[in-house]
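Content type PDB, C-alpha atoms, pLDDT in the B column, from the file input_25.pdb:
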```pdb
ATOM      1  CA  CYS A   1      21.407  -1.111  -6.384  1.00 89.00           C
ATOM      2  CA  ARG A   2      24.910  -2.131  -5.309  1.00 89.00           C
ATOM      3  CA  LEU A   3      26.333  -1.100  -8.674  1.00 92.00           C
ATOM      4  CA  ARG A   4      25.114   2.403  -7.851  1.00 93.00           C
ATOM      5  CA  ASN A   5      26.455   2.224  -4.290  1.00 94.00           C
ATOM      6  CA  MET A   6      22.878   2.078  -2.996  1.00 93.00           C
ATOM      7  CA  THR A   7      20.668  -0.457  -1.192  1.00 92.00           C
ATOM      8  CA  LEU A   8      17.111  -1.605  -1.613  1.00 93.00           C
ATOM      9  CA  VAL A   9      14.737   0.821   0.092  1.00 94.00           C
ATOM     10  CA  ASN A  10      14.048   0.418   3.813  1.00 94.00           C
ATOM     11  CA  ILE A  11      10.580   1.799   4.542  1.00 94.00           C
ATOM     12  CA  VAL A  12      10.878   2.701   8.196  1.00 92.00           C
ATOM     13  CA  ILE A  13       8.199   5.412   8.525  1.00 93.00           C
ATOM     14  CA  PRO A  14       4.780   6.079   6.952  1.00 93.00           C
ATOM     15  CA  ASP A  15       6.110   9.203   5.180  1.00 93.00           C
ATOM     16  CA  LEU A  16       8.615   7.104   3.242  1.00 92.00           C
ATOM     17  CA  GLN A  17       5.860   4.601   2.378  1.00 92.00           C
ATOM     18  CA  TYR A  18       3.886   7.529   0.950  1.00 90.00           C
ATOM     19  CA  LYS A  19       6.841   8.759  -1.130  1.00 90.00           C
ATOM     20  CA  VAL A  20       7.533   5.285  -2.508  1.00 89.00           C
ATOM     21  CA  THR A  21       3.831   4.857  -3.303  1.00 87.00           C
ATOM     22  CA  LYS A  22       3.833   8.123  -5.291  1.00 86.00           C
ATOM     23  CA  ILE A  23       6.823   6.971  -7.354  1.00 84.00           C
ATOM     24  CA  MET A  24       5.358   3.529  -7.947  1.00 83.00           C
ATOM     25  CA  SER A  25       1.962   4.834  -9.031  1.00 81.00           C
ATOM     26  CA  ASN A  26       3.641   6.021 -12.256  1.00 78.00           C
ATOM     27  CA  LEU A  27       5.006   2.583 -13.184  1.00 73.00           C
ATOM     28  CA  ARG A  28       3.437   0.674 -16.043  1.00 66.00           C
ATOM     29  CA  GLU A  29       4.384  -2.652 -14.424  1.00 65.00           C
ATOM     30  CA  LYS A  30       1.399  -3.604 -12.307  1.00 68.00           C
ATOM     31  CA  HIS A  31       2.784  -6.461 -10.207  1.00 81.00           C
ATOM     32  CA  GLY A  32       5.157  -5.064  -7.628  1.00 87.00           C
ATOM     33  CA  ALA A  33       8.605  -3.793  -6.740  1.00 91.00           C
ATOM     34  CA  TRP A  34      11.221  -5.221  -4.411  1.00 93.00           C
ATOM     35  CA  THR A  35      12.052  -3.466  -1.180  1.00 94.00           C
ATOM     36  CA  GLY A  36      14.845  -4.290   1.252  1.00 94.00           C
ATOM     37  CA  LEU A  37      12.586  -6.645   3.224  1.00 94.00           C
ATOM     38  CA  HIS A  38      13.996 -10.106   3.739  1.00 93.00           C
ATOM     39  CA  LYS A  39      13.673 -12.940   6.172  1.00 91.00           C
ATOM     40  CA  TYR A  40      16.608 -12.883   8.588  1.00 82.00           C
ATOM     41  CA  HIS A  41      18.509 -16.192   8.679  1.00 74.00           C
ATOM     42  CA  MET A  42      15.443 -18.014   7.332  1.00 66.00           C
ATOM     43  CA  LEU A  43      13.604 -17.433  10.620  1.00 73.00           C
ATOM     44  CA  ASP A  44      10.257 -15.683  10.818  1.00 79.00           C
ATOM     45  CA  ASP A  45      12.182 -12.506  11.666  1.00 89.00           C
ATOM     46  CA  TRP A  46      11.828  -9.949   8.886  1.00 94.00           C
ATOM     47  CA  ARG A  47      14.482  -7.273   8.522  1.00 94.00           C
ATOM     48  CA  TRP A  48      15.603  -4.559   6.132  1.00 94.00           C
ATOM     49  CA  ALA A  49      18.551  -4.775   3.734  1.00 90.00           C
ATOM     50  CA  ASN A  50      20.715  -3.103   6.407  1.00 89.00           C
ATOM     51  CA  ASP A  51      19.631  -5.859   8.875  1.00 88.00           C
ATOM     52  CA  HIS A  52      17.635  -3.443  11.042  1.00 90.00           C
ATOM     53  CA  PRO A  53      14.395  -4.910  12.409  1.00 91.00           C
ATOM     54  CA  ILE A  54      11.041  -3.664  11.140  1.00 92.00           C
ATOM     55  CA  THR A  55       9.568  -0.902  13.314  1.00 92.00           C
ATOM     56  CA  TYR A  56       6.856   0.229  10.861  1.00 94.00           C
ATOM     57  CA  ASN A  57       5.005  -2.183   8.597  1.00 94.00           C
ATOM     58  CA  ASN A  58       2.383  -2.186   5.897  1.00 95.00           C
ATOM     59  CA  TRP A  59       1.880  -5.943   5.449  1.00 95.00           C
ATOM     60  CA  LYS A  60      -1.290  -7.002   3.687  1.00 94.00           C
ATOM     61  CA  LYS A  61      -3.572  -8.954   6.026  1.00 93.00           C
ATOM     62  CA  GLY A  62      -2.320 -12.556   6.119  1.00 94.00           C
ATOM     63  CA  GLU A  63       1.211 -11.624   5.041  1.00 94.00           C
ATOM     64  CA  PRO A  64       3.940 -12.658   5.298  1.00 93.00           C
ATOM     65  CA  ASP A  65       2.925 -16.136   4.216  1.00 91.00           C
ATOM     66  CA  ASN A  66       4.479 -19.248   2.623  1.00 88.00           C
ATOM     67  CA  PRO A  67       7.479 -19.262   5.005  1.00 84.00           C
ATOM     68  CA  LEU A  68       9.368 -21.992   3.141  1.00 86.00           C
ATOM     69  CA  THR A  69       9.411 -20.308  -0.276  1.00 90.00           C
ATOM     70  CA  GLU A  70       8.775 -16.584   0.206  1.00 93.00           C
ATOM     71  CA  ASN A  71      11.741 -14.913   1.882  1.00 93.00           C
ATOM     72  CA  CYS A  72      11.763 -11.438   0.326  1.00 95.00           C
ATOM     73  CA  GLY A  73       9.320  -8.550   0.477  1.00 95.00           C
ATOM     74  CA  LEU A  74       7.783  -6.373  -2.192  1.00 93.00           C
ATOM     75  CA  ILE A  75       5.232  -3.606  -2.487  1.00 92.00           C
ATOM     76  CA  SER A  76       2.273  -4.806  -4.505  1.00 89.00           C
ATOM     77  CA  LEU A  77       0.856  -2.822  -7.405  1.00 81.00           C
ATOM     78  CA  VAL A  78      -1.880  -5.356  -8.091  1.00 79.00           C
ATOM     79  CA  GLU A  79      -5.266  -3.653  -8.204  1.00 71.00           C
ATOM     80  CA  GLY A  80      -6.848  -3.619  -4.778  1.00 72.00           C
ATOM     81  CA  ALA A  81      -3.590  -4.264  -2.912  1.00 75.00           C
ATOM     82  CA  ASN A  82      -3.151  -0.551  -2.106  1.00 83.00           C
ATOM     83  CA  PHE A  83       0.662  -0.727  -2.077  1.00 89.00           C
ATOM     84  CA  THR A  84       0.722  -3.184   0.819  1.00 94.00           C
ATOM     85  CA  TRP A  85       3.710  -5.419   1.489  1.00 95.00           C
ATOM     86  CA  HIS A  86       3.792  -9.045   0.417  1.00 94.00           C
ATOM     87  CA  SER A  87       6.252 -11.878   0.922  1.00 95.00           C
ATOM     88  CA  TYR A  88       7.437 -13.421  -2.322  1.00 93.00           C
ATOM     89  CA  CYS A  89      10.002 -15.803  -3.773  1.00 94.00           C
ATOM     90  CA  CYS A  90      13.281 -13.866  -4.015  1.00 92.00           C
ATOM     91  CA  LEU A  91      14.045 -15.217  -7.503  1.00 93.00           C
ATOM     92  CA  LYS A  92      11.082 -13.553  -9.231  1.00 91.00           C
ATOM     93  CA  PRO A  93      11.932 -10.627 -11.547  1.00 90.00           C
ATOM     94  CA  PHE A  94      10.298  -7.372 -10.461  1.00 88.00           C
ATOM     95  CA  TYR A  95      11.221  -3.720 -10.447  1.00 87.00           C
ATOM     96  CA  PHE A  96      13.261  -2.704  -7.423  1.00 89.00           C
ATOM     97  CA  ILE A  97      13.529   0.495  -5.419  1.00 89.00           C
ATOM     98  CA  CYS A  98      16.987   1.751  -4.452  1.00 91.00           C
ATOM     99  CA  HIS A  99      17.991   4.549  -2.102  1.00 87.00           C
TER     100      HIS A  99
END
```
Represent the structure of the file as structure tokens.
Amino acid sequence: CRLRNMTLVNIVIPDLQYKVTKIMSNLREKHGAWTGLHKYHMLDDWRWANDHPITYNNWKKGEPDNPLTENCGLISLVEGANFTWHSYCCLKPFYFICH
């Protein structure tokens, strides 16, 4: 994203979640895509790539989980996940959504 002078997407309202979901529904990759969600200073304080706190969320029930190893957030494309947000290890290769 930075090479394009962009950042990872910050989904701050339901309308943006809907737009991202529409784009992602066309992907062949069925695991997920990175968003700008990240754990702020390794605390249980999740923020966006621009360091703004989360005001809208679409976490899957039980997420975020695994606080020691999962510090980034993605939108899941796994069947049955319904484009909910999941915490995940930041080093895993997935698509990413820039804006």
Original post:
Selected by the PyMOL selection byres ((chain A and resi 95) around 6) in the shown coordinates: which residues, as a PyMOL selection string?
Top reply: chain A and resi 33+94+96
Atoms to include: C-alpha atoms. Write the selected residues as a compact mmCIF listing (two decimals), keeping the file's coordinate frame.
```
# COMPACT_ATOMS: atom_id res chain seq x y z
CA ALA A 33 8.60 -3.79 -6.74
CA PHE A 94 10.30 -7.37 -10.46
CA PHE A 96 13.26 -2.70 -7.42
```
Given the PyMOL selection byres ((chain A and resi 97) around 9), the residues it picks as a compact mmCIF listing (two decimals) with C-alpha atoms, in the coordinates of the input:
```
# COMPACT_ATOMS: atom_id res chain seq x y z
CA CYS A 1 21.41 -1.11 -6.38
CA THR A 7 20.67 -0.46 -1.19
CA LEU A 8 17.11 -1.60 -1.61
CA VAL A 9 14.74 0.82 0.09
CA VAL A 20 7.53 5.28 -2.51
CA ALA A 33 8.60 -3.79 -6.74
CA TRP A 34 11.22 -5.22 -4.41
CA THR A 35 12.05 -3.47 -1.18
CA GLY A 36 14.84 -4.29 1.25
CA TYR A 95 11.22 -3.72 -10.45
CA PHE A 96 13.26 -2.70 -7.42
CA CYS A 98 16.99 1.75 -4.45
CA HIS A 99 17.99 4.55 -2.10
```
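If you count only C-alpha atoms and ignore residues fewer than 5 places along the chain from range 11-18 of chain A, what sits within 10 Å of it is Ile23, Met24, Thr35, Gly36, Leu37, Trp48, His52, Pro53, Ile54, Thr55, Tyr56, Asn57, Asn58, Ile75, Phe83 and Thr84 of chain A.
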Take the residues just selected and output them with C-alpha atoms as a PDB file, keeping the file's coordinate frame.
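This is the output file selection_20.pdb:
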```pdb
ATOM      1  CA  ILE A  23       6.823   6.971  -7.354  1.00 84.00           C
ATOM      2  CA  MET A  24       5.358   3.529  -7.947  1.00 83.00           C
ATOM      3  CA  THR A  35      12.052  -3.466  -1.180  1.00 94.00           C
ATOM      4  CA  GLY A  36      14.845  -4.290   1.252  1.00 94.00           C
ATOM      5  CA  LEU A  37      12.586  -6.645   3.224  1.00 94.00           C
ATOM      6  CA  TRP A  48      15.603  -4.559   6.132  1.00 94.00           C
ATOM      7  CA  HIS A  52      17.635  -3.443  11.042  1.00 90.00           C
ATOM      8  CA  PRO A  53      14.395  -4.910  12.409  1.00 91.00           C
ATOM      9  CA  ILE A  54      11.041  -3.664  11.140  1.00 92.00           C
ATOM     10  CA  THR A  55       9.568  -0.902  13.314  1.00 92.00           C
ATOM     11  CA  TYR A  56       6.856   0.229  10.861  1.00 94.00           C
ATOM     12  CA  ASN A  57       5.005  -2.183   8.597  1.00 94.00           C
ATOM     13  CA  ASN A  58       2.383  -2.186   5.897  1.00 95.00           C
ATOM     14  CA  ILE A  75       5.232  -3.606  -2.487  1.00 92.00           C
ATOM     15  CA  PHE A  83       0.662  -0.727  -2.077  1.00 89.00           C
ATOM     16  CA  THR A  84       0.722  -3.184   0.819  1.00 94.00           C
TER      17      THR A  84
END
```
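Rounded to one decimal, CA of His86 in chain A and CA of Ala49 in chain A lie 15.7 Å from each other.
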**OP:** Compile the contact shell of Leu91 in chain A as number ranges by chain: residues with an atom at most 12 Å away, counting all atoms listed in the file, same-chain residues fewer than 3 positions apart removed.
**Re:** A: 34, 69-73, 87-88, 94
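What separates CA of Arg4 in chain A from CA of Asp45 in chain A is a distance of 27.8 Å.
Of the residues listed (A:Leu27, A:His38, A:Trp85, A:Glu79), A:Trp85 shows the shortest atom-to-atom separation from Trp59 in chain A; distances use all atoms listed in the file.
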